[in-house]
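For reference, the structure discussed in these notes is given below.
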Amino acid sequence: MSEDIGQKNTKLVRKLALVAIAMFGFGYALVPLYDVLCDLTGLNGKVEGQAVQETAYQVDKSREVTVEFLTSLNESTPMLFRSEVKSMKVHPGEYYTVNFYAKNTTNMPMIAQAIPSITPGLAAEFFKKTQCFCFTEQTFAANEEKTMPVRFVVEPTLPERYKTVTLAYTFFDNTNISKK
Amino acid sequence: MTAVVAEHDDHHDHHDHGPEKGVLRWIFTTNHKDIGTLYLVFGLIMFFVGGAMALVIRSELFEPGLQFVDPNFFNSMTTMHALVMVFGAVMPAFVGLANWMIPMMIGAPDMALPRMNNMSFWMLVAGVLLLASTLFMEGGAPSGGWTFYPPLVFQNGKSFPFAIFSVHLLGISSIMGAINVIATIFNMRAPGMTLMKMPLFVWTWLITAFLLIAIMPVFAGAVTMLLTDKFFDTSFFDAAGGGDPVLYQHIFWFFGHPEVYVMILPTFGVASTIIPVFARKPLFGYASMVYATGAIAFLSFIVWAHHMFTVGMPVAGELYFMYATMLIAIPTGVKVFNWTATMWKGSMTFETPMLFSIAFVVLFTMGGFTGLMMSVAPVDFQYHDTYFIVAHFHYTLVPASIFILMAAGYFWLPKWTGNMYNEKIGRLHFWLSAVSVNILFFPQHFLGLAGMPRRIPDYAIQFADWNMVSSIGAFIYGFSQLLFVYIVIDTIRGGTGEKVSDEVWEDASKHSLEWTVPSPAPYHTFSTPPARIPTEHF
């Protein structure tokens with residue numbers, strides 16, 4: 001092997017190693033890229049984490065959309081969690097309030113966070129909440145039961161093809177993480 | 001050690017140094033043939049380790065009900081079988097072939113970076129040993145599937161961080177190996193060996209190496225995120241902290257889909273090398289083979305979400321990934337037609353390597369077609385996570401990658417050892433394998449369509465019959481592979497006793513350079529570049 005090839009090899013190895021390191025970085029860059037893409041396209045049903053101002057819409061009485069409520073608990077979250085109704089028929093543009101009940105079944109205080117999700121994902125941007133327990137972490141005293149209202153509106157601009165919108169909440173026990 | 005030192009210092013000494021004596025030869029070796037042998041032997045051993053795990057799975061599934069192992073261990077077996085086969089058997093075996101054959105095929109004296117070569121092999125061993133050690137840990141080996149999906153993966157016991165570090169080591173080893181292959185092919189080719197004169201095995205490995213450099217770091221990143229999610233309170237994939245478990249699947253399959261082509265592209269390369277020799281014709285459509293390989297590699301980066309049609313993507317996304325996936329059938333079809341056209345009107349003979357290669361063309365095509373079925377998003381909802389997908393990817397891996405590795409073994413063993421293998425036992429090995437592999441995997445299509453989920457230790461009795469058939473096939477297939485071990489050892493010890501010629505197979509030297517050196521291939525080849533470049537494959 002001549003010196004010439006040795007040098008060429010070193011150069012090439014350096015370049016390829018850089019590519020490998022860059023691709024490691026790209027793996028991490030996929031995280032924000034994924035969020036940006038989902039934000040732009042509304043692909044995965046992520047909903048806004050903040051309350052919106054209550055604005056008046058033209059109520060569309062001619063149309064009915066079924067809104068379903070789904071409650072679930074992340075594994076090992078010691079709670080009872082249900083909604084007042086399983087589903088309701090709503091008119092786009094009108095505001096509704098639905099109650100959710102959650103109970104801490106342990107003898108210890110608990111900090112929990114509910115994560116909302118909307119199906120179909122593309123309907124998420126037309127579903128607005130002015131009040132929700134999911135915007136902040138909820139603190140429960142030992143054995144405390146809470147009634148938590150959610151006030152929402154389905155915007156009249158919701159495309160006709162969506163007849164049913166499902167709002168799902170999952171409660172996560174964050175007590176250990178939030179205390180740190 | 002003096003021999004080794006002299007080897008590096010004295011560039012103009014063409015005297016043929018033999019290998020060192022004793023076990024240290026294998027530990028410190030920087031010779032591409034030694035390292036190739038190490039990789040191949042390691043791959044073969046791991047093939048049997050992974051195969052033993054598969055037989056545990058098939059024993060448990062022989063009848064409904066829980067017979068032999070508890071469900072957690074069963075899940076460990078499915079997970080470890082996949083990891084061992086992918087990272088311990090198939091990938092190392094192809095790296096072994098690359099080490100042995102690429103320098104000889106392009107007329108180079110050795111790999112470009114011999115010391116790094118040694119390091120990547122031993123890092124692979126360390127990685128696999130680390131992975132194997134998890135079998136003896138509290139909570140058992142990883143059992144959440146080889147894909148490590150969160151949050152399931154966090155339920156693994158003590159083995160979790162060890163599996164992650166093992167993946168890191170295997171990744172670094174693969175990246176170093178890939179860099180070595182690229183440097184060898186770019187900088188070490190003999191004069192006259194232009195890129196478009198390289199044998200296809202070299203081409204496919206070049207493209208595979210680029211895939212590896214692009215994807216292994218992404219996988220390393222993904223598992224590192226799992227690690228920090230579990231131990232350092234990050235929330236990449238934890239919904240409670242604002243993360244998203246589906247994000248992991250996206251990152252994983254960005255790695256995972258090209259990864260499956262890492263295992264199949266070199267397979268294509270070996271098939272394209274063997275078939276022309278036994279058809280006694282040049283490879284049909286050499287250039288189109290090169291471009292098809294490149295096209296498959298490119299497409300592999302833009303189809304990943306077809307592994308996750310059921311996560312709840314919008315229709316637009318499903319359609320995009322569906323059509324992009326279907327596109328892959330075009331370059332793959334080009335390849336299948338080219339192999340067929342190569343055999344068309346050829347003076348074919350059916351020695352064992354050719355038998356395995358023909359079986360590969362037929363059975364891989366079947367695996368390809370079931371893949372095409374699953375690319376159809378609406379029907380994928382039925383096939384997803386059933387035995388249908390298990391049948392699909394096993395058809396593209398066992399009678400494809402594994403068959404071609406066997407073919408490569410038979411094809412080049414005479415060149416490596418200087419002895420001829422026993423053709424009769426070779427053919428027996430082939431027929432047993434070809435029949436039993438279909439008994440093993442074909443019924444799994446029926447099971448999948450009938451709705452049997454994958455990764456379960458017990459099943460409803462409606463699935464009993466085909467599971468029993470599949471298990472019987474598994475045992476025949478598994479044990480008939482022992483014939484290959486016998487043949488390899490027998491050939492090393494002298495084989496049929498017949499001394500093989502330099503080109504071993506009729507007119508093979510017209511196809512590729514390795515058949516122009518003596519058999520067995522001397523410890524150092526092409527210290528001076530070859531005088532003539534074969535162009536038969538061109």
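In the structure tokens, each chain is lettered A, B, ... as it comes, each chain's residues begin at 1, and ligands are numbered from 1 in order of appearance.
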Residues near Cys132 in chain A, cut-off 9 Å, only C-alpha atoms, skip fewer than 2 positions along chain, as a short mmCIF file (atom, residue, chain, number, x, y, z; two decimals) with N, CA and C atoms, in the first residue's frame:
data_model
loop_
_atom_site.label_atom_id
_atom_site.label_comp_id
_atom_site.auth_asym_id
_atom_site.auth_seq_id
_atom_site.Cartn_x
_atom_site.Cartn_y
_atom_site.Cartn_z
N GLN A 50 -53.49 24.40 25.21
CA GLN A 50 -53.93 25.59 25.94
C GLN A 50 -55.38 25.91 25.61
N ALA A 51 -56.01 26.59 26.58
CA ALA A 51 -57.41 26.98 26.37
C ALA A 51 -57.50 28.06 25.29
N LYS A 129 -61.20 23.72 22.84
CA LYS A 129 -61.60 23.61 24.24
C LYS A 129 -61.32 24.93 24.94
N THR A 130 -62.31 25.44 25.66
CA THR A 130 -62.09 26.66 26.42
C THR A 130 -61.75 26.33 27.87
N CYS A 134 -56.99 18.94 31.27
CA CYS A 134 -55.78 18.38 30.68
C CYS A 134 -54.70 19.44 30.43
N PHE A 135 -55.07 20.71 30.64
CA PHE A 135 -54.08 21.76 30.34
C PHE A 135 -52.97 21.82 31.37
N THR A 136 -53.28 21.37 32.60
CA THR A 136 -52.26 21.39 33.65
C THR A 136 -52.27 20.05 34.37
N MET A 148 -64.49 17.22 36.92
CA MET A 148 -63.71 18.13 36.09
C MET A 148 -64.45 18.42 34.79
N PRO A 149 -64.93 19.63 34.62
CA PRO A 149 -65.68 19.95 33.40
C PRO A 149 -64.76 20.23 32.21
N VAL A 150 -65.23 19.85 31.06
CA VAL A 150 -64.54 20.22 29.82
C VAL A 150 -65.55 21.00 28.98
N ARG A 151 -65.16 22.20 28.55
CA ARG A 151 -66.05 22.99 27.72
C ARG A 151 -65.45 23.05 26.32
N PHE A 152 -66.24 22.66 25.35
CA PHE A 152 -65.68 22.55 24.00
C PHE A 152 -66.68 23.01 22.94
#
Which residues of chain A have any atom within 8 Å of an atom in chain B when counting only C-alpha atoms, and what is the closest pair of atoms for each, with the distance in Å to one decimal? Order the rows by chain and rising number and write it as a Markdown table.
| residue | atom | partner | partner_atom | distance |
| --- | --- | --- | --- | --- |
| A:Met1 | CA | B:His11 | CA | 6.4 |
| A:Ser2 | CA | B:His11 | CA | 7.5 |
| A:Ile5 | CA | B:Asn187 | CA | 6.5 |
| A:Lys8 | CA | B:Asn187 | CA | 7.0 |
| A:Asn9 | CA | B:Ala183 | CA | 6.0 |
| A:Leu12 | CA | B:Ala183 | CA | 6.6 |
| A:Val13 | CA | B:Ile179 | CA | 6.4 |
| A:Leu16 | CA | B:Ile179 | CA | 6.5 |
| A:Ala17 | CA | B:Ile179 | CA | 7.7 |
| A:Val19 | CA | B:Ile213 | CA | 7.2 |
| A:Ala20 | CA | B:Ile213 | CA | 5.4 |
| A:Ile21 | CA | B:Pro217 | CA | 7.0 |
| A:Met23 | CA | B:Pro217 | CA | 5.6 |
| A:Phe24 | CA | B:Pro217 | CA | 4.4 |
| A:Gly25 | CA | B:Gly221 | CA | 7.6 |
| A:Phe26 | CA | B:Val218 | CA | 6.9 |
| A:Gly27 | CA | B:Val218 | CA | 4.5 |
| A:Tyr28 | CA | B:Gly221 | CA | 6.5 |
| A:Leu30 | CA | B:Ile251 | CA | 7.1 |
| A:Val31 | CA | B:Leu247 | CA | 7.3 |
| A:Tyr34 | CA | B:Leu247 | CA | 7.2 |
| A:Leu43 | CA | B:Pro314 | CA | 6.4 |
| A:Asn44 | CA | B:Met313 | CA | 6.9 |
| A:Gln113 | CA | B:Ala240 | CA | 6.4 |
| A:Ala114 | CA | B:Ala240 | CA | 7.4 |
| A:Ile115 | CA | B:Ala240 | CA | 6.6 |
| A:Pro120 | CA | B:Pro314 | CA | 7.7 |
| A:Gly121 | CA | B:Pro314 | CA | 7.0 |
| A:Leu122 | CA | B:Pro314 | CA | 7.2 |
| A:Phe171 | CA | B:Ala240 | CA | 7.9 |
| A:Phe172 | CA | B:Ala240 | CA | 5.7 |
| A:Asn174 | CA | B:Ala240 | CA | 7.3 |
| A:Ile177 | CA | B:Asp233 | CA | 7.4 |
Report task. Within 8 Å of Phe74 in chain B, counting only C-alpha atoms, which residues show up once you throw out same-chain ones fewer than 2 positions away? Write them as a PyMOL selection string, please. Result -> chain B and resi 56-57+69-72+76-78+456-457
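Here the DSSP assignment of strand (DSSP E or B), based on backbone atoms, applies within range 22-87 of chain A to Val65, Thr66, Val67, Glu68, Phe69, Leu70, Thr71, Ser72, Leu73, Met79, Leu80, Phe81, Arg82, Ser83 and Ser87 of chain A.
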Once you count only C-alpha atoms, what closest atom pair and distance in Å to one decimal does each residue of range 109-219 of chain B within 12 Å of range 71-92 of chain A have, with rows by chain and rising residue number, as CSV?
residue,atom,partner,partner_atom,distance
B:Pro151,CA,A:Glu75,CA,9.7
B:Leu152,CA,A:Glu75,CA,10.4
B:Phe154,CA,A:Glu75,CA,11.7
B:Gln155,CA,A:Glu75,CA,10.8
Please produce an output containing C-alpha atoms for each residue in the selection, written as a compact mmCIF listing (two decimals), in the first residue's frame.
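Written file, again.txt:
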# COMPACT_ATOMS: atom_id res chain seq x y z
CA PRO B 151 -43.75 1.58 26.39
CA LEU B 152 -43.66 -2.25 26.27
CA PHE B 154 -39.68 -0.60 29.54
CA GLN B 155 -41.22 -3.65 31.16
Query raised in the report: Can you list, as a PyMOL selection string, every protein, DNA or RNA residue that comes within 12 Å of range 163-165 of chain A when you count only C-alpha atoms, leaving out same-chain residues fewer than 5 positions away?
Result: chain A and resi 45+63-70+87-92+117-127+153-155+158
Can I get the selected residues back with C-alpha atoms, as an mmCIF file, in the first residue's frame?
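Output contents, as saved in again-v2.cif:
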data_model
loop_
_atom_site.group_PDB
_atom_site.id
_atom_site.type_symbol
_atom_site.label_atom_id
_atom_site.label_comp_id
_atom_site.auth_asym_id
_atom_site.auth_seq_id
_atom_site.Cartn_x
_atom_site.Cartn_y
_atom_site.Cartn_z
ATOM 1 C CA GLY A 45 -54.515 14.114 16.427
ATOM 2 C CA ARG A 63 -75.997 19.438 11.221
ATOM 3 C CA GLU A 64 -75.246 16.958 13.951
ATOM 4 C CA VAL A 65 -71.856 15.543 14.854
ATOM 5 C CA THR A 66 -71.429 12.726 17.354
ATOM 6 C CA VAL A 67 -68.710 13.398 19.894
ATOM 7 C CA GLU A 68 -67.531 10.316 21.766
ATOM 8 C CA PHE A 69 -65.588 10.376 25.003
ATOM 9 C CA LEU A 70 -63.023 7.785 25.847
ATOM 10 C CA SER A 87 -71.183 10.259 23.663
ATOM 11 C CA MET A 88 -73.344 13.207 22.703
ATOM 12 C CA LYS A 89 -74.759 14.729 19.572
ATOM 13 C CA VAL A 90 -73.632 18.303 19.064
ATOM 14 C CA HIS A 91 -74.312 21.103 16.623
ATOM 15 C CA PRO A 92 -71.198 22.682 15.138
ATOM 16 C CA SER A 117 -56.063 12.844 21.659
ATOM 17 C CA ILE A 118 -58.600 13.291 18.906
ATOM 18 C CA THR A 119 -59.594 10.804 16.243
ATOM 19 C CA PRO A 120 -59.703 11.262 13.290
ATOM 20 C CA GLY A 121 -56.476 13.211 13.579
ATOM 21 C CA LEU A 122 -57.341 15.660 10.840
ATOM 22 C CA ALA A 123 -60.448 16.764 12.793
ATOM 23 C CA ALA A 124 -58.317 17.843 15.745
ATOM 24 C CA GLU A 125 -57.881 21.414 14.544
ATOM 25 C CA PHE A 126 -61.654 21.952 14.425
ATOM 26 C CA PHE A 127 -62.158 20.839 18.007
ATOM 27 C CA VAL A 153 -66.979 23.546 20.628
ATOM 28 C CA VAL A 154 -66.814 21.850 17.255
ATOM 29 C CA GLU A 155 -66.153 24.552 14.700
ATOM 30 C CA LEU A 158 -65.430 20.993 10.263
#
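Here the question is which of B:Gly127, B:Gly418, B:Pro266, B:Pro191 gets nearest to Met91 in chain B using only C-alpha atoms, and that residue is B:Pro266.
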**Report entry** range 277-406 of chain B: residues DSSP assigns to alpha helix (DSSP H), reported as a PyMOL selection string
**Finding:** chain B and resi 277-279+286-299+315-327+329-343+352-375+377-383+387-396+403-406
Report task. Compile the contact shell of Gly494 in chain B as a PyMOL selection string: residues with an atom at most 9 Å away, counting only C-alpha atoms, same-chain residues fewer than 3 positions apart removed. Result -> chain B and resi 417-421+489-491+497-499
Please dump the current selection as a JSON list (two decimals), in the first residue's frame; keep N, CA and C atoms.
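This is the output file part33.json:
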[["chain", "number", "residue", "atom", "x", "y", "z"],
["B", 417, "THR", "N", -10.56, -23.51, 0.53],
["B", 417, "THR", "CA", -9.86, -24.64, 1.14],
["B", 417, "THR", "C", -8.97, -25.39, 0.16],
["B", 418, "GLY", "N", -9.23, -25.23, -1.12],
["B", 418, "GLY", "CA", -8.49, -26.00, -2.10],
["B", 418, "GLY", "C", -9.04, -27.41, -2.27],
["B", 419, "ASN", "N", -10.10, -27.74, -1.57],
["B", 419, "ASN", "CA", -10.69, -29.07, -1.67],
["B", 419, "ASN", "C", -12.12, -28.98, -2.18],
["B", 420, "MET", "N", -12.60, -30.10, -2.78],
["B", 420, "MET", "CA", -13.96, -30.12, -3.28],
["B", 420, "MET", "C", -14.88, -30.67, -2.20],
["B", 421, "TYR", "N", -16.04, -30.02, -2.04],
["B", 421, "TYR", "CA", -17.01, -30.53, -1.06],
["B", 421, "TYR", "C", -17.71, -31.75, -1.66],
["B", 489, "ILE", "N", -16.72, -28.95, 7.54],
["B", 489, "ILE", "CA", -15.58, -29.56, 8.24],
["B", 489, "ILE", "C", -14.92, -30.60, 7.35],
["B", 490, "ASP", "N", -15.74, -31.40, 6.67],
["B", 490, "ASP", "CA", -15.22, -32.43, 5.79],
["B", 490, "ASP", "C", -14.38, -31.82, 4.66],
["B", 491, "THR", "N", -14.86, -30.71, 4.10],
["B", 491, "THR", "CA", -14.14, -30.08, 2.99],
["B", 491, "THR", "C", -12.81, -29.50, 3.46],
["B", 497, "GLY", "N", -11.17, -35.36, -1.75],
["B", 497, "GLY", "CA", -9.81, -35.77, -2.07],
["B", 497, "GLY", "C", -9.36, -35.28, -3.43],
["B", 498, "GLU", "N", -10.30, -34.81, -4.22],
["B", 498, "GLU", "CA", -10.00, -34.32, -5.56],
["B", 498, "GLU", "C", -9.39, -32.93, -5.43],
["B", 499, "LYS", "N", -8.24, -32.71, -6.12],
["B", 499, "LYS", "CA", -7.63, -31.37, -6.07],
["B", 499, "LYS", "C", -8.38, -30.47, -7.04]]
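Straight-line separation from CA of Ile487 in chain B to CA of Ala89 in chain B: 18.7 Å.
Residue nearest Val223 in chain B within the list B:Val435, B:Val84, B:Ala163, B:Ala341: B:Ala163 [criterion: smallest interatomic distance, only C-alpha atoms].
The smallest atom-to-atom distance between Phe337 in chain B and any of B:Phe284, B:Phe136, B:Phe388, B:Phe201, using only C-alpha atoms, is found for B:Phe284.
Take the candidates B:Thr30, B:Thr370, B:Thr386, B:Ser272 and check each one against Ser512 in chain B using only C-alpha atoms; the shortest distance goes to B:Ser272.
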